[in-house]
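Reading through the structure tokens given below for one structure.
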Amino acid sequence: MKSDRPHPRRISRREFLTLATAGAAGLLAGCCPTLPKGGDLALVGGTLIDGTGADPVTDAAVVVQGGRVASVGPRAQVTVPAGVQAVDVQGATILPGFINAHVHGSYDEDTLKAWARGGVTTVRDMATGQPPKEAFAIRDSMRDNLQCTRLVAAGPMVTVPGGYPIARWGVDSITVTSPADARQKVNQLLDDGADFIKIPLESGAVFGYLMPMLSPEEAAAIVETAHARGAWVSAHVSVTQDLEKALDAGVDDIAHMVTDELPDALAARVVESGTYWVPTIELWKGVGYGLGAHVVDNLRRFIEAGGQVALGTDYAGAPDVDFDLGMPMDEIAWMQEAGMTARQIIVAATRHAARVCTLDQEIGTLEAGKVADILVVDGDPLEDIHALTKTRLVFREGVPV
Ligand SMILES: [Zn+2]
């Protein structure tokens with residue numbers, strides 16, 4: 001268990017976020033080479049798990065042309081065009097590139113390369129202390145480097161003066177003082193280049209002291225403004241009383257499992273609303289303080305109620321947790337512990353996580369026309385989930401990583 005490991009060096013979250021972003025500053029100088037789009041190829045003979053939740057297809061073929069999936073299915077039904085290089089992947093499983101829908105500290109080339117090498121071809125960064133324009137310029141400087149994982153970026157959180165995460169971690173955030181101010185600031189953040197909006201609905205109950213938080217009117221104004229621009233809103237919550245406020249505001253996903261016991265009626269309300277849940281069990285089990293006591297049972301209850309889960313860990317979201325960088329096997333193990341099948345976990349890490357990134361038209365499943373973000377692993381992850389760490393090939397937009 002990670003929580004039992006010694007932590008020889010503890011640093012504050014402010015120091016941590018500064019360190020995590022310091023290395024990224026040099027990227028603005030344009031050090032990332034632009035690679036050509038992928039060469040055409042066909043992966044032939046492996047088992048296909050396409051991320052939709054459909055049955056696996058044995059002896060499959062996936063044809064990649066121009067960085068996209070041209071055709072996919074049983075090998076007997078797929079024509080490999082003349083001149084397209086066939087790559088034999090017998091004994092392996094072909095999956096969509098995985099997506100971690102809750103990370104931090106990823107405005108950084110080395111970190112994004114490490115994600116890609118582990119088969120995680122998209123990450124969603126949930127909050128940075130950097131000014132928005134600076135943060136988005138770093139993201140954009142890495143956009144065409146296909147050795148880097150795709151970065152979906154919130155920039156800073158939108159909160160109230162003295163609220164979370166300022167009150168807890170001292171992380172610079174965008175603060176609003178009225179619904180009108182909230183509308184103006186969210187529009188500005190989206191103009192600056194935010195891919196989505198992250199808000200905290202954090203009363204402080206989990207930390208044992210209260211802090212100011214967005215009013216229902218401010219939270220609703222943020223959601224309305226973002227939705228009018230086609231942008232997703234993700235809400236940090238840590239207890240059920242704040243979860244209700246997130247649902248009242250109409251947010252699109254819940255960025256952590258709640259740490260107190262999740263009542264069945266509330267689980268049902270989340271399911272009914274269609275809100276996705278990104279559990280970050282690795283965080284809660286890692287931070288200790290008993291915060292992980294209910295989270296696995298809560299996830300089980302949500303799954304049994306028919307809830308939609310997207311995989312996310314909160315990588316780099318707490319300085320003293322040794323998060324997985326690469327394939328998030330800790331989070332996956334906790335999902336199994338909560339009763340999720342390997343197939344459900346794969347959907348959570350692909351199709352559902354792509355939806356949460358609002359990129360489900362482009363990535364998350366291997367279907368004709370989709371971007372060719374592909375993970376090939378040895379063995380069968382439906383039989384043994386640890387096969388997910390046996391990376392044979394990773395492609396981002398058809399380019400080998
Ligand atoms: Zn986080």
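Every chain in the structure tokens has a letter given in the order shown (A, B, ...), and although residue numbers restart at 1 in each chain, ligands are simply numbered from 1 in the order shown.
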
Next item on the list: Write as a ChimeraX atom specification the residues around ligand 1, taking 9 Å as the cut-off and counting only C-alpha atoms and all ligand atoms.
Entry: /A:102-104,125-127,236,255-256,280,283,313-318

Next item on the list: May I have all residues of region 178-340 of chain A that DSSP, computed from the backbone, assigns to alpha helix (DSSP H), given as a ChimeraX atom specification?
Entry: /A:179-192,216-228,240-249,264-273,281-287,295-304,329-337

Next item on the list: Mind checking which residues fall within 7 Å of Gln65 (chain A), counting only C-alpha atoms, ignoring those fewer than 3 positions away in the same chain, and posting them as a PyMOL selection string?
Entry: chain A and resi 39-41+68-70

Please produce an output containing C-alpha atoms for each residue in the selection, written as an mmCIF file, in the first residue's frame.
data_model
loop_
_atom_site.group_PDB
_atom_site.id
_atom_site.type_symbol
_atom_site.label_atom_id
_atom_site.label_comp_id
_atom_site.auth_asym_id
_atom_site.auth_seq_id
_atom_site.Cartn_x
_atom_site.Cartn_y
_atom_site.Cartn_z
ATOM 1 C CA GLY A 39 2.834 6.661 -41.707
ATOM 2 C CA ASP A 40 0.136 4.299 -42.913
ATOM 3 C CA LEU A 41 0.157 0.850 -41.352
ATOM 4 C CA ARG A 68 -6.724 7.992 -38.309
ATOM 5 C CA VAL A 69 -8.373 4.596 -38.176
ATOM 6 C CA ALA A 70 -9.340 3.816 -41.772
#

Next item on the list: Using DSSP on the backbone, list every residue of region 120-198 of chain A that comes out as strand (DSSP E), and give them as a PyMOL selection string.
Entry: chain A and resi 120-125+150-153+158-159+174-175+197-198

Next item on the list: Return the single residue from A:Ala101, A:Ile345, A:Leu311, A:Val160 that is closest to Phe196 (chain A), with distances computed using only C-alpha atoms.
Entry: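 Closest candidate: A:Ala101.
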
For the interface of region 163-203 of chain A with region 245-252 of chain A (cut-off 10 Å, counting only C-alpha atoms), please tabulate each contacting residue of region 163-203 of chain A alongside its nearest pair of atoms and their separation in Å to one decimal, rows sorted by chain and increasing number, as a Markdown table.
| residue | atom | partner | partner_atom | distance |
| --- | --- | --- | --- | --- |
| A:Ile197 | CA | A:Val251 | CA | 9.8 |
| A:Lys198 | CA | A:Val251 | CA | 9.5 |
| A:Ile199 | CA | A:Val251 | CA | 9.2 |
| A:Pro200 | CA | A:Ala246 | CA | 8.9 |
| A:Leu201 | CA | A:Ala246 | CA | 6.6 |
| A:Glu202 | CA | A:Lys245 | CA | 9.7 |

Item checked: Exercise: Ile166 (chain A) partners within 12 Å, only C-alpha atoms, chain neighbours under 5 positions left out, as a list in words ->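 Returned residues: Arg13, Arg14, Ala127, Thr128, Gly129, Pro156, Met157, Val158, Thr159, Val160, Pro161, Val171, Asp172, Ser173, Ile174, Thr175, Pro200, Glu202, Gly204, Met211, Pro212 and Met213 of chain A.
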
Item checked: For region 76-81 of chain A: contacts at 12 Å, only C-alpha atoms, fewer than 6 positions along chain excluded, given as a list in words ->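 Listing them by chain and then by number gives Asp40, Leu41, Ala42, Leu43, Val44, Gly45, Val57, Thr58, Asp59, Ala60, Ala61, Val62, Val63, Val64, Gln65, Val69, Ala70, Val87 and Ala368 of chain A.
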
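Using only C-alpha atoms for every distance, the candidate list A:Lys113, A:Val123, A:Gly162, A:Ser234 yields A:Lys113 as the residue closest to Asn145 (chain A).
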